[in-house]
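Participant: Sharing final.pdb below, PDB, C-alpha atoms and all ligand atoms:
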```
ATOM      1  CA  MET A1475    -102.261-216.849   4.447
ATOM      2  CA  PRO A1476    -103.566-214.889   1.410
ATOM      3  CA  ALA A1477    -105.410-216.901  -1.254
ATOM      4  CA  ALA A1478    -103.482-217.247  -4.506
ATOM      5  CA  PRO A1479    -105.094-216.091  -7.775
ATOM      6  CA  PRO A1480    -106.453-218.804 -10.092
ATOM      7  CA  ALA A1481    -103.728-220.699 -11.977
ATOM      8  CA  ALA A1482    -104.408-218.913 -15.279
ATOM      9  CA  GLU A1483    -103.893-215.516 -13.624
ATOM     10  CA  LEU A1484    -100.724-216.435 -11.711
ATOM     11  CA  PRO A1485     -98.152-215.367 -14.357
ATOM     12  CA  GLN A1486     -99.617-211.846 -14.649
ATOM     13  CA  ALA A1487    -100.041-211.559 -10.862
ATOM     14  CA  ILE A1488     -96.367-212.514 -10.433
ATOM     15  CA  ARG A1489     -95.270-209.921 -13.011
ATOM     16  CA  ASP A1490     -97.313-207.199 -11.245
ATOM     17  CA  LEU A1491     -95.919-208.095  -7.829
ATOM     18  CA  LYS A1492     -92.407-208.249  -9.191
ATOM     19  CA  ARG A1493     -92.675-204.688 -10.484
ATOM     20  CA  ARG A1494     -94.169-203.458  -7.190
ATOM     21  CA  ARG A1495     -91.405-205.090  -5.133
ATOM     22  CA  ASN A1496     -88.587-204.126  -7.544
ATOM     23  CA  ALA A1497     -87.731-207.827  -7.589
ATOM     24  CA  VAL A1498     -85.721-209.985  -9.950
ATOM     25  CA  ILE A1499     -86.556-213.661 -10.524
ATOM     26  CA  LEU A1500     -83.520-215.905 -11.040
ATOM     27  CA  ALA A1501     -84.137-219.510 -12.064
ATOM     28  CA  HIS A1502     -81.994-222.588 -12.520
ATOM     29  CA  TYR A1503     -82.423-224.797 -15.596
ATOM     30  CA  TYR A1504     -83.882-227.580 -13.447
ATOM     31  CA  GLN A1505     -86.979-225.565 -12.568
ATOM     32  CA  ASP A1506     -90.370-226.388 -14.087
ATOM     33  CA  ASP A1507     -90.987-224.875 -17.533
ATOM     34  CA  THR A1508     -93.618-222.503 -16.093
ATOM     35  CA  ILE A1509     -91.041-220.982 -13.729
ATOM     36  CA  GLN A1510     -88.345-220.772 -16.406
ATOM     37  CA  ASP A1511     -90.827-218.947 -18.653
ATOM     38  CA  ILE A1512     -91.491-216.216 -16.092
ATOM     39  CA  ALA A1513     -87.900-215.768 -14.860
ATOM     40  CA  ASP A1514     -85.842-212.671 -15.671
ATOM     41  CA  PHE A1515     -82.732-214.776 -15.937
ATOM     42  CA  ILE A1516     -82.098-218.520 -16.301
ATOM     43  CA  GLY A1517     -78.621-219.938 -15.808
ATOM     44  CA  ASP A1518     -76.275-222.463 -14.294
ATOM     45  CA  SER A1519     -74.870-222.028 -10.787
ATOM     46  CA  LEU A1520     -71.986-219.800 -11.890
ATOM     47  CA  GLU A1521     -74.114-217.541 -14.087
ATOM     48  CA  LEU A1522     -76.752-217.250 -11.377
ATOM     49  CA  SER A1523     -74.082-216.278  -8.815
ATOM     50  CA  ARG A1524     -72.745-213.635 -11.185
ATOM     51  CA  LYS A1525     -76.249-212.314 -11.790
ATOM     52  CA  ALA A1526     -76.949-212.240  -8.035
ATOM     53  CA  ALA A1527     -73.699-210.304  -7.503
ATOM     54  CA  SER A1528     -74.594-207.640 -10.058
ATOM     55  CA  THR A1529     -78.341-207.087  -9.695
ATOM     56  CA  ASP A1530     -79.699-203.714  -8.549
ATOM     57  CA  ALA A1531     -83.118-205.142  -7.616
ATOM     58  CA  ASP A1532     -84.192-204.784  -3.959
ATOM     59  CA  VAL A1533     -85.555-208.320  -3.810
ATOM     60  CA  ILE A1534     -84.052-211.495  -5.305
ATOM     61  CA  VAL A1535     -86.421-214.421  -5.741
ATOM     62  CA  PHE A1536     -84.257-217.471  -6.189
ATOM     63  CA  CYS A1537     -86.043-220.289  -7.996
ATOM     64  CA  GLY A1538     -83.525-223.011  -7.399
ATOM     65  CA  VAL A1539     -82.348-224.786  -4.274
ATOM     66  CA  HIS A1540     -81.381-223.443  -0.871
ATOM     67  CA  PHE A1541     -77.592-223.274  -1.344
ATOM     68  CA  MET A1542     -78.118-221.141  -4.474
ATOM     69  CA  ALA A1543     -80.360-218.660  -2.656
ATOM     70  CA  GLU A1544     -77.927-218.673   0.260
ATOM     71  CA  THR A1545     -75.083-217.777  -2.116
ATOM     72  CA  ALA A1546     -77.172-214.834  -3.389
ATOM     73  CA  LYS A1547     -77.630-213.675   0.228
ATOM     74  CA  ILE A1548     -73.906-214.045   0.997
ATOM     75  CA  LEU A1549     -73.245-211.737  -1.956
ATOM     76  CA  ASN A1550     -76.110-209.340  -1.105
ATOM     77  CA  PRO A1551     -76.510-208.976   2.676
ATOM     78  CA  GLY A1552     -78.604-205.808   2.275
ATOM     79  CA  LYS A1553     -81.144-207.338  -0.107
ATOM     80  CA  THR A1554     -84.175-209.462   0.592
ATOM     81  CA  VAL A1555     -83.530-212.956  -0.801
ATOM     82  CA  LEU A1556     -86.571-215.197  -1.118
ATOM     83  CA  VAL A1557     -86.857-218.859  -1.975
ATOM     84  CA  PRO A1558     -90.341-220.138  -2.959
ATOM     85  CA  ASP A1559     -89.973-223.362  -0.944
ATOM     86  CA  PRO A1560     -87.397-223.382   1.887
ATOM     87  CA  ALA A1561     -87.391-227.206   1.853
ATOM     88  CA  ALA A1562     -85.703-227.152  -1.579
ATOM     89  CA  GLY A1563     -82.369-228.538  -0.388
ATOM     90  CA  CYS A1564     -79.718-230.595  -2.175
ATOM     91  CA  SER A1565     -78.427-234.076  -1.365
ATOM     92  CA  LEU A1566     -74.833-232.903  -1.822
ATOM     93  CA  ALA A1567     -75.221-230.047   0.651
ATOM     94  CA  ASP A1568     -77.163-232.247   3.096
ATOM     95  CA  ASP A1569     -74.498-234.997   3.000
ATOM     96  CA  CYS A1570     -71.745-232.617   4.066
ATOM     97  CA  PRO A1571     -72.593-231.328   7.560
ATOM     98  CA  ALA A1572     -70.348-228.495   8.778
ATOM     99  CA  GLU A1573     -69.088-230.294  11.922
ATOM    100  CA  ALA A1574     -68.164-233.506  10.083
ATOM    101  CA  PHE A1575     -66.510-231.426   7.380
ATOM    102  CA  ALA A1576     -64.450-229.564   9.991
ATOM    103  CA  ALA A1577     -63.219-232.909  11.367
ATOM    104  CA  PHE A1578     -62.357-234.109   7.842
ATOM    105  CA  ARG A1579     -60.462-230.889   7.055
ATOM    106  CA  ALA A1580     -58.528-231.152  10.298
ATOM    107  CA  ARG A1581     -56.981-234.402   8.985
ATOM    108  CA  TYR A1582     -55.475-232.461   6.046
ATOM    109  CA  PRO A1583     -54.137-229.207   7.540
ATOM    110  CA  ALA A1584     -51.802-228.465   4.602
ATOM    111  CA  HIS A1585     -54.494-228.907   1.926
ATOM    112  CA  THR A1586     -56.234-226.107   0.068
ATOM    113  CA  VAL A1587     -59.982-226.652   0.425
ATOM    114  CA  VAL A1588     -61.903-226.343  -2.854
ATOM    115  CA  SER A1589     -65.654-226.719  -2.335
ATOM    116  CA  TYR A1590     -68.295-227.161  -4.990
ATOM    117  CA  ILE A1591     -70.912-224.418  -4.651
ATOM    118  CA  ASN A1592     -73.474-227.159  -3.801
ATOM    119  CA  CYS A1593     -72.750-226.906  -0.060
ATOM    120  CA  SER A1594     -74.009-224.916   2.903
ATOM    121  CA  ALA A1595     -72.750-221.456   3.896
ATOM    122  CA  ALA A1596     -71.153-223.100   6.950
ATOM    123  CA  VAL A1597     -69.067-225.361   4.665
ATOM    124  CA  LYS A1598     -68.247-222.465   2.327
ATOM    125  CA  ALA A1599     -67.029-220.587   5.402
ATOM    126  CA  GLN A1600     -64.447-223.377   5.935
ATOM    127  CA  SER A1601     -63.269-223.343   2.315
ATOM    128  CA  ASP A1602     -60.439-221.556   0.524
ATOM    129  CA  LEU A1603     -62.088-221.518  -2.875
ATOM    130  CA  ILE A1604     -65.585-222.222  -4.231
ATOM    131  CA  CYS A1605     -66.119-223.674  -7.696
ATOM    132  CA  THR A1606     -69.025-224.716  -9.877
ATOM    133  CA  SER A1607     -69.168-227.486 -12.440
ATOM    134  CA  SER A1608     -68.424-224.978 -15.188
ATOM    135  CA  ASN A1609     -65.186-223.579 -13.725
ATOM    136  CA  ALA A1610     -63.869-226.343 -11.415
ATOM    137  CA  VAL A1611     -61.196-227.633 -13.824
ATOM    138  CA  GLN A1612     -60.037-224.138 -14.727
ATOM    139  CA  LEU A1613     -59.762-223.090 -11.046
ATOM    140  CA  VAL A1614     -57.956-226.231  -9.874
ATOM    141  CA  GLN A1615     -55.432-225.773 -12.713
ATOM    142  CA  GLN A1616     -54.643-222.296 -11.381
ATOM    143  CA  LEU A1617     -53.525-223.617  -7.981
ATOM    144  CA  PRO A1618     -49.750-224.180  -7.547
ATOM    145  CA  ALA A1619     -48.752-227.635  -8.850
ATOM    146  CA  ASP A1620     -47.302-228.767  -5.494
ATOM    147  CA  GLN A1621     -50.346-227.617  -3.490
ATOM    148  CA  PRO A1622     -52.348-230.580  -2.101
ATOM    149  CA  ILE A1623     -56.097-230.125  -2.601
ATOM    150  CA  LEU A1624     -59.125-231.335  -0.732
ATOM    151  CA  PHE A1625     -62.284-231.339  -2.867
ATOM    152  CA  ALA A1626     -65.846-231.492  -1.468
ATOM    153  CA  PRO A1627     -68.633-232.499  -1.495
ATOM    154  CA  ASP A1628     -69.200-234.235  -4.880
ATOM    155  CA  GLN A1629     -66.864-237.186  -5.441
ATOM    156  CA  ASN A1630     -68.038-237.751  -9.045
ATOM    157  CA  LEU A1631     -67.308-234.164 -10.027
ATOM    158  CA  GLY A1632     -64.048-234.377  -8.053
ATOM    159  CA  ARG A1633     -62.887-237.478  -9.942
ATOM    160  CA  TRP A1634     -63.710-235.843 -13.269
ATOM    161  CA  VAL A1635     -61.851-232.648 -12.275
ATOM    162  CA  ALA A1636     -58.854-234.762 -11.223
ATOM    163  CA  ARG A1637     -58.810-236.538 -14.601
ATOM    164  CA  GLN A1638     -59.196-233.307 -16.567
ATOM    165  CA  SER A1639     -56.644-231.312 -14.610
ATOM    166  CA  GLY A1640     -54.133-234.076 -13.966
ATOM    167  CA  ARG A1641     -54.184-233.149 -10.255
ATOM    168  CA  GLU A1642     -54.580-235.525  -7.355
ATOM    169  CA  LEU A1643     -57.588-234.538  -5.214
ATOM    170  CA  THR A1644     -58.560-235.826  -1.793
ATOM    171  CA  LEU A1645     -62.330-236.295  -2.012
ATOM    172  CA  TRP A1646     -65.222-235.926   0.391
ATOM    173  CA  PRO A1647     -67.516-238.916  -0.335
ATOM    174  CA  GLY A1648     -70.700-237.049  -1.381
ATOM    175  CA  SER A1649     -72.902-237.478  -4.442
ATOM    176  CA  CYS A1650     -76.071-236.193  -6.068
ATOM    177  CA  ILE A1651     -79.090-238.484  -5.728
ATOM    178  CA  VAL A1652     -80.313-237.440  -9.172
ATOM    179  CA  HIS A1653     -77.109-237.879 -11.173
ATOM    180  CA  GLU A1654     -76.334-241.172  -9.432
ATOM    181  CA  THR A1655     -79.655-242.600 -10.560
ATOM    182  CA  PHE A1656     -79.154-242.799 -14.316
ATOM    183  CA  SER A1657     -79.263-246.337 -15.622
ATOM    184  CA  GLU A1658     -76.379-247.534 -17.796
ATOM    185  CA  GLU A1659     -78.658-250.202 -19.211
ATOM    186  CA  ALA A1660     -81.221-247.582 -20.294
ATOM    187  CA  LEU A1661     -78.450-245.420 -21.755
ATOM    188  CA  LEU A1662     -77.014-248.316 -23.792
ATOM    189  CA  LYS A1663     -80.506-249.152 -25.066
ATOM    190  CA  LEU A1664     -81.054-245.540 -26.149
ATOM    191  CA  LYS A1665     -77.648-245.509 -27.867
ATOM    192  CA  GLN A1666     -78.610-248.672 -29.759
ATOM    193  CA  GLN A1667     -81.953-247.177 -30.823
ATOM    194  CA  HIS A1668     -80.319-243.853 -31.825
ATOM    195  CA  PRO A1669     -76.791-244.700 -33.018
ATOM    196  CA  GLU A1670     -76.436-241.218 -34.540
ATOM    197  CA  ALA A1671     -77.143-239.489 -31.204
ATOM    198  CA  GLU A1672     -74.501-237.716 -29.148
ATOM    199  CA  VAL A1673     -74.415-238.515 -25.438
ATOM    200  CA  ILE A1674     -73.945-235.397 -23.303
ATOM    201  CA  ALA A1675     -73.528-235.523 -19.536
ATOM    202  CA  HIS A1676     -73.199-233.417 -16.405
ATOM    203  CA  PRO A1677     -69.958-234.165 -14.492
ATOM    204  CA  GLU A1678     -71.967-235.122 -11.379
ATOM    205  CA  CYS A1679     -72.721-238.438 -13.162
ATOM    206  CA  GLN A1680     -70.785-241.554 -12.202
ATOM    207  CA  GLN A1681     -67.595-242.305 -14.104
ATOM    208  CA  HIS A1682     -68.915-245.388 -15.955
ATOM    209  CA  LEU A1683     -71.572-243.132 -17.532
ATOM    210  CA  LEU A1684     -69.168-240.257 -18.202
ATOM    211  CA  ASP A1685     -66.990-242.775 -20.038
ATOM    212  CA  LEU A1686     -69.859-243.196 -22.533
ATOM    213  CA  ALA A1687     -70.330-239.442 -23.093
ATOM    214  CA  ASP A1688     -69.287-237.476 -26.189
ATOM    215  CA  PHE A1689     -69.375-234.201 -24.250
ATOM    216  CA  ILE A1690     -69.301-233.398 -20.512
ATOM    217  CA  GLY A1691     -70.146-230.023 -19.015
ATOM    218  CA  SER A1692     -72.241-227.882 -16.689
ATOM    219  CA  THR A1693     -75.881-227.245 -17.555
ATOM    220  CA  SER A1694     -74.999-224.064 -19.497
ATOM    221  CA  LYS A1695     -72.200-225.791 -21.349
ATOM    222  CA  LEU A1696     -74.543-228.635 -22.327
ATOM    223  CA  LEU A1697     -77.016-226.043 -23.607
ATOM    224  CA  GLN A1698     -74.297-224.313 -25.663
ATOM    225  CA  TRP A1699     -73.112-227.677 -26.981
ATOM    226  CA  VAL A1700     -76.475-228.731 -28.428
ATOM    227  CA  GLN A1701     -76.699-225.406 -30.264
ATOM    228  CA  SER A1702     -73.247-225.604 -31.836
ATOM    229  CA  SER A1703     -72.950-229.348 -32.505
ATOM    230  CA  ASP A1704     -73.743-230.738 -35.967
ATOM    231  CA  ALA A1705     -75.626-233.623 -34.333
ATOM    232  CA  THR A1706     -79.420-233.465 -34.373
ATOM    233  CA  THR A1707     -80.207-236.021 -31.644
ATOM    234  CA  PHE A1708     -78.856-235.890 -28.089
ATOM    235  CA  ILE A1709     -79.127-238.285 -25.171
ATOM    236  CA  VAL A1710     -78.995-235.990 -22.152
ATOM    237  CA  LEU A1711     -77.570-237.252 -18.853
ATOM    238  CA  THR A1712     -78.715-234.578 -16.476
ATOM    239  CA  GLU A1713     -81.953-233.376 -14.884
ATOM    240  CA  PRO A1714     -84.536-233.120 -17.684
ATOM    241  CA  GLY A1715     -85.593-229.558 -16.725
ATOM    242  CA  ILE A1716     -82.767-228.441 -19.041
ATOM    243  CA  LEU A1717     -84.615-229.913 -22.040
ATOM    244  CA  HIS A1718     -87.030-226.949 -22.036
ATOM    245  CA  GLN A1719     -84.267-224.471 -22.949
ATOM    246  CA  MET A1720     -82.653-226.998 -25.326
ATOM    247  CA  ARG A1721     -85.901-227.264 -27.276
ATOM    248  CA  LEU A1722     -86.286-223.462 -27.341
ATOM    249  CA  LYS A1723     -82.652-222.748 -28.281
ATOM    250  CA  ALA A1724     -82.142-225.639 -30.712
ATOM    251  CA  PRO A1725     -85.550-226.123 -32.372
ATOM    252  CA  GLY A1726     -85.790-229.056 -34.735
ATOM    253  CA  LYS A1727     -83.290-231.135 -32.751
ATOM    254  CA  GLN A1728     -84.311-234.147 -30.669
ATOM    255  CA  PHE A1729     -83.506-234.514 -26.960
ATOM    256  CA  LEU A1730     -83.855-237.764 -25.050
ATOM    257  CA  ASP A1731     -83.612-237.990 -21.281
ATOM    258  CA  VAL A1732     -82.347-241.117 -19.558
ATOM    259  CA  PRO A1733     -84.516-242.795 -16.924
ATOM    260  CA  GLY A1734     -83.338-243.925 -13.496
ATOM    261  CA  SER A1735     -82.541-247.544 -12.722
ATOM    262  CA  ASP A1736     -86.135-248.735 -12.343
ATOM    263  CA  SER A1737     -87.500-246.646 -15.220
ATOM    264  CA  CYS A1738     -88.715-244.319 -12.481
ATOM    265  CA  SER A1739     -88.975-240.567 -12.892
ATOM    266  CA  CYS A1740     -86.281-240.181 -10.201
ATOM    267  CA  ASN A1741     -84.061-238.413 -12.751
ATOM    268  CA  THR A1742     -85.950-235.210 -11.811
ATOM    269  CA  CYS A1743     -84.536-233.363  -8.801
ATOM    270  CA  PRO A1744     -87.108-233.686  -5.999
ATOM    271  CA  TYR A1745     -85.775-230.538  -4.335
ATOM    272  CA  MET A1746     -85.763-228.288  -7.388
ATOM    273  CA  ARG A1747     -89.275-229.405  -8.257
ATOM    274  CA  LEU A1748     -90.685-228.287  -4.897
ATOM    275  CA  ASN A1749     -90.873-224.743  -6.263
ATOM    276  CA  THR A1750     -94.134-223.942  -8.053
ATOM    277  CA  LEU A1751     -95.670-220.849  -9.635
ATOM    278  CA  GLU A1752     -98.076-220.574  -6.704
ATOM    279  CA  LYS A1753     -95.238-220.649  -4.150
ATOM    280  CA  LEU A1754     -93.378-218.101  -6.271
ATOM    281  CA  TRP A1755     -96.420-215.806  -6.191
ATOM    282  CA  ARG A1756     -96.835-216.333  -2.441
ATOM    283  CA  CYS A1757     -93.248-215.476  -1.551
ATOM    284  CA  LEU A1758     -93.455-212.243  -3.555
ATOM    285  CA  GLU A1759     -96.775-211.389  -1.889
ATOM    286  CA  THR A1760     -95.618-212.097   1.691
ATOM    287  CA  LEU A1761     -91.862-211.477   1.277
ATOM    288  CA  GLN A1762     -91.384-214.820   3.046
ATOM    289  CA  PRO A1763     -89.556-217.172   3.419
ATOM    290  CA  GLN A1764     -86.364-215.105   3.447
ATOM    291  CA  ILE A1765     -82.817-216.409   3.607
ATOM    292  CA  GLU A1766     -81.156-215.335   6.868
ATOM    293  CA  LEU A1767     -77.496-215.834   7.746
ATOM    294  CA  ASP A1768     -75.391-214.987  10.732
ATOM    295  CA  GLU A1769     -72.938-212.252   9.782
ATOM    296  CA  GLU A1770     -69.783-214.076  10.859
ATOM    297  CA  THR A1771     -70.587-217.113   8.669
ATOM    298  CA  ARG A1772     -71.598-214.859   5.783
ATOM    299  CA  VAL A1773     -68.338-212.895   5.824
ATOM    300  CA  ARG A1774     -66.245-216.080   6.025
ATOM    301  CA  ALA A1775     -68.259-217.686   3.204
ATOM    302  CA  LEU A1776     -67.986-214.580   1.030
ATOM    303  CA  ALA A1777     -64.172-214.674   0.688
ATOM    304  CA  PRO A1778     -63.929-218.015  -1.230
ATOM    305  CA  ILE A1779     -66.911-217.052  -3.432
ATOM    306  CA  GLU A1780     -65.279-213.746  -4.334
ATOM    307  CA  ARG A1781     -62.039-215.611  -5.044
ATOM    308  CA  MET A1782     -63.954-217.865  -7.445
ATOM    309  CA  LEU A1783     -65.563-214.914  -9.221
ATOM    310  CA  ALA A1784     -62.188-213.207  -9.582
ATOM    311  CA  MET A1785     -60.433-216.364 -10.852
ATOM    312  CA  SER A1786     -63.017-217.534 -13.402
ATOM    313  CA  THR A1787     -63.171-216.056 -16.872
TER     314      THR A1787
HETATM  315  P1  LIG B1801     -74.833-226.428 -12.754
HETATM  316  O1  LIG B1801     -73.792-225.622 -12.090
HETATM  317  O2  LIG B1801     -74.346-227.144 -13.967
HETATM  318  O3  LIG B1801     -76.031-225.590 -13.063
HETATM  319  O4  LIG B1801     -75.282-227.601 -11.779
HETATM  320  C1  LIG B1801     -76.003-227.365 -10.615
HETATM  321  C2  LIG B1801     -76.559-228.578 -10.058
HETATM  322  O5  LIG B1801     -77.113-228.605  -8.993
HETATM  323  C3  LIG B1801     -76.397-229.793 -10.832
HETATM  324  O6  LIG B1801     -77.026-230.823 -10.200
HETATM  325 FE1  LIG B1802     -78.489-231.107  -5.625
HETATM  326 FE2  LIG B1802     -78.500-233.057  -7.399
HETATM  327 FE3  LIG B1802     -80.681-231.570  -7.119
HETATM  328 FE4  LIG B1802     -78.450-230.551  -8.254
HETATM  329  S1  LIG B1802     -79.742-232.181  -9.045
HETATM  330  S2  LIG B1802     -79.722-229.582  -6.708
HETATM  331  S3  LIG B1802     -76.854-231.583  -7.069
HETATM  332  S4  LIG B1802     -79.783-232.928  -5.567
END
```
Kindly present the structure from the file in structure tokens form.

Facilitator:
Amino acid sequence: MPAAPPAAELPQAIRDLKRRRNAVILAHYYQDDTIQDIADFIGDSLELSRKAASTDADVIVFCGVHFMAETAKILNPGKTVLVPDPAAGCSLADDCPAEAFAAFRARYPAHTVVSYINCSAAVKAQSDLICTSSNAVQLVQQLPADQPILFAPDQNLGRWVARQSGRELTLWPGSCIVHETFSEEALLKLKQQHPEAEVIAHPECQQHLLDLADFIGSTSKLLQWVQSSDATTFIVLTEPGILHQMRLKAPGKQFLDVPGSDSCSCNTCPYMRLNTLEKLWRCLETLQPQIELDEETRVRALAPIERMLAMST
């Protein structure tokens, strides 16, 4: 295992390696600030998928979680796709095993299967359409009105999509360990201390918290909202990694994150935060760990992703 350069030299070493490998670094908003600052592109799941589909780099380093890197590989079978820490999973993807999902689907043979992108390639391969939190409502609304729909794996997102679209959805009972952790008590206290603040939330939050939100949207939509809103203080109900870009894009405004139930720091995603600058350097140096997929699963998973990209504006 090669020794990493000293911490202060890591950013330059990563830039040099990136050039040598003709690599692109894609990062999700929930990554540490240091990783966001070195990335070529930062985005939400939909934007990152679009970027992965259009890049001409030979190597994609995906600083996010496994299902995101896997999606990049599904779209780019000929490219090397690296993930700094292969243990960076997702509770939603983990709670929806392919075999159990197949049994669930079999109970609803007439349903169209819409799966949130936070799922494994094996679940995508069993789906008719993939969505993200930024296009889920728009995509569901495009399906024929009499078409029954099965939605997996996030039940909180599914309930919100059902309310927004007016469609009845049959839900897989999954949830995100991070977005389920926010404390209503802490939120109400923050609202009392900052009555002028707007509450903004990711749709993976539970309904009783979404009911208290002034605006609900994907990470990118939340970022756009804080830039365009007249408000100057925001209580942010999503992983606090997003606050880095909010502070950069809306300087002078105040952003408050909401703690988990026991005032713990469990509002940070433990999977996303496994990636570090050192692991990023190491994966570029060794070209490991790579995302590998069997070709049959990849081809079956590609169709519903391509359908999503074609259907979303
Ligand atoms: P976005 O699509 O909003 O980036 O959400 C991804 C995610 O994992 C949220 O927990
Ligand atoms: Fe998965 Fe939740 Fe982490 Fe997003 S925040 S990657 S949904 S565990």

Participant: As a PyMOL selection string, please: the residues near segment 1658-1664 of chain A (cut-off 12 Å, all atoms listed in the file, same-chain neighbours under 6 positions excluded).

Facilitator: chain A and resi 1670-1675+1679-1687+1707-1711+1729-1738

Participant: With segment 1746-1754 of chain A as the partner and 10 Å as the cut-off, tabulate the residues of segment 1550-1663 of chain A that qualify, each row holding the nearest pair of atoms and their distance in Å to one decimal, using all atoms listed in the file, sorted by chain and rising number, as CSV.

Facilitator:
```
residue,atom,partner,partner_atom,distance
A:Leu1556,CA,A:Leu1754,CA,9.0
A:Val1557,CA,A:Leu1754,CA,7.8
A:Pro1558,CA,A:Leu1754,CA,4.9
A:Asp1559,CA,A:Asn1749,CA,5.6
A:Pro1560,CA,A:Asn1749,CA,9.0
A:Ala1561,CA,A:Leu1748,CA,7.6
A:Ala1562,CA,A:Met1746,CA,5.9
A:Gly1563,CA,A:Met1746,CA,7.8
A:Cys1564,CA,A:Met1746,CA,8.3
```

Participant: Neighbours of ligand LIG 1801 (chain B) within 6 Å, counting all atoms listed in the file, as a list of chain:residue names?

Facilitator: A:Asp1518, A:Ser1519, A:Thr1606, A:Ser1607, A:Ser1692, A:Thr1693

Participant: Report as a list in words all protein, DNA and RNA residues lying within 12 Å of Ala1478 of chain A, evaluated on all atoms listed in the file, omitting residues in the same chain fewer than 5 positions from it.

Facilitator: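 So the residues in contact are Glu1483, Leu1484, Pro1485, Ala1487, Ile1488, Leu1751, Glu1752, Lys1753, Leu1754, Trp1755, Arg1756, Cys1757, Leu1758, Glu1759 and Thr1760 of chain A.
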
Participant: Any chance you could tabulate, as JSON lines, the residues of chain A at most 9 Å from ligand LIG 1802 (chain B) with each one's nearest atom pair and distance in Å to one decimal, using all atoms listed in the file, in chain and rising number order?

Facilitator:
```
{"residue": "A:Tyr1504", "atom": "CA", "partner": "B:LIG1802", "partner_atom": "S1", "distance": 7.6}
{"residue": "A:Gly1538", "atom": "CA", "partner": "B:LIG1802", "partner_atom": "S2", "distance": 7.6}
{"residue": "A:Val1539", "atom": "CA", "partner": "B:LIG1802", "partner_atom": "S2", "distance": 6.0}
{"residue": "A:His1540", "atom": "CA", "partner": "B:LIG1802", "partner_atom": "S2", "distance": 8.6}
{"residue": "A:Phe1541", "atom": "CA", "partner": "B:LIG1802", "partner_atom": "S2", "distance": 8.5}
{"residue": "A:Met1542", "atom": "CA", "partner": "B:LIG1802", "partner_atom": "S2", "distance": 8.9}
{"residue": "A:Ala1562", "atom": "CA", "partner": "B:LIG1802", "partner_atom": "S2", "distance": 8.2}
{"residue": "A:Gly1563", "atom": "CA", "partner": "B:LIG1802", "partner_atom": "S2", "distance": 6.9}
{"residue": "A:Cys1564", "atom": "CA", "partner": "B:LIG1802", "partner_atom": "FE1", "distance": 3.7}
{"residue": "A:Ser1565", "atom": "CA", "partner": "B:LIG1802", "partner_atom": "S4", "distance": 4.6}
{"residue": "A:Leu1566", "atom": "CA", "partner": "B:LIG1802", "partner_atom": "FE1", "distance": 5.6}
{"residue": "A:Ala1567", "atom": "CA", "partner": "B:LIG1802", "partner_atom": "FE1", "distance": 7.2}
{"residue": "A:Asp1568", "atom": "CA", "partner": "B:LIG1802", "partner_atom": "FE1", "distance": 8.9}
{"residue": "A:Asn1592", "atom": "CA", "partner": "B:LIG1802", "partner_atom": "S3", "distance": 6.5}
{"residue": "A:Asp1628", "atom": "CA", "partner": "B:LIG1802", "partner_atom": "S3", "distance": 8.4}
{"residue": "A:Ser1649", "atom": "CA", "partner": "B:LIG1802", "partner_atom": "S3", "distance": 7.6}
{"residue": "A:Cys1650", "atom": "CA", "partner": "B:LIG1802", "partner_atom": "FE2", "distance": 4.2}
{"residue": "A:Ile1651", "atom": "CA", "partner": "B:LIG1802", "partner_atom": "S4", "distance": 5.6}
{"residue": "A:Val1652", "atom": "CA", "partner": "B:LIG1802", "partner_atom": "FE2", "distance": 5.1}
{"residue": "A:His1653", "atom": "CA", "partner": "B:LIG1802", "partner_atom": "FE2", "distance": 6.3}
{"residue": "A:Glu1654", "atom": "CA", "partner": "B:LIG1802", "partner_atom": "FE2", "distance": 8.6}
{"residue": "A:Glu1678", "atom": "CA", "partner": "B:LIG1802", "partner_atom": "S3", "distance": 7.4}
{"residue": "A:Thr1712", "atom": "CA", "partner": "B:LIG1802", "partner_atom": "S1", "distance": 7.9}
{"residue": "A:Glu1713", "atom": "CA", "partner": "B:LIG1802", "partner_atom": "S1", "distance": 6.4}
{"residue": "A:Asn1741", "atom": "CA", "partner": "B:LIG1802", "partner_atom": "S1", "distance": 8.4}
{"residue": "A:Thr1742", "atom": "CA", "partner": "B:LIG1802", "partner_atom": "S1", "distance": 7.4}
{"residue": "A:Cys1743", "atom": "CA", "partner": "B:LIG1802", "partner_atom": "FE3", "distance": 4.6}
{"residue": "A:Pro1744", "atom": "CA", "partner": "B:LIG1802", "partner_atom": "FE3", "distance": 6.9}
{"residue": "A:Tyr1745", "atom": "CA", "partner": "B:LIG1802", "partner_atom": "FE3", "distance": 5.9}
{"residue": "A:Met1746", "atom": "CA", "partner": "B:LIG1802", "partner_atom": "FE3", "distance": 6.1}
{"residue": "A:Arg1747", "atom": "CA", "partner": "B:LIG1802", "partner_atom": "FE3", "distance": 8.9}
```

Participant: To verify the selection step, state as JSON, numbers by chain which residues the PyMOL selection byres (((chain A and resi 1525) around 12) and not hetatm) yields on this input.

Facilitator: {"A": [1498, 1499, 1500, 1501, 1502, 1514, 1515, 1516, 1517, 1518, 1519, 1520, 1521, 1522, 1523, 1524, 1526, 1527, 1528, 1529, 1530, 1531, 1534, 1536, 1542, 1543, 1545, 1546, 1549, 1550, 1783]}

Participant: Have a look at A:Gln1698, A:Thr1771, A:Gln1764, A:Thr1655 and name the one nearest to Gln1600 of chain A; count all atoms listed in the file.

Facilitator: A:Thr1771

Participant: Tell me, as a count of residues only, which residues lie within 12 Å of Gln1638 of chain A, counting all atoms listed in the file; anything in the same chain fewer than 6 positions away does not count.

Facilitator: 12

Participant: Between atom CA of Cys1740 of chain A and atom CA of Ala1636 of chain A, what is the spacing in Å?

Facilitator: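 Distance between the two atoms: 28.0 Å.
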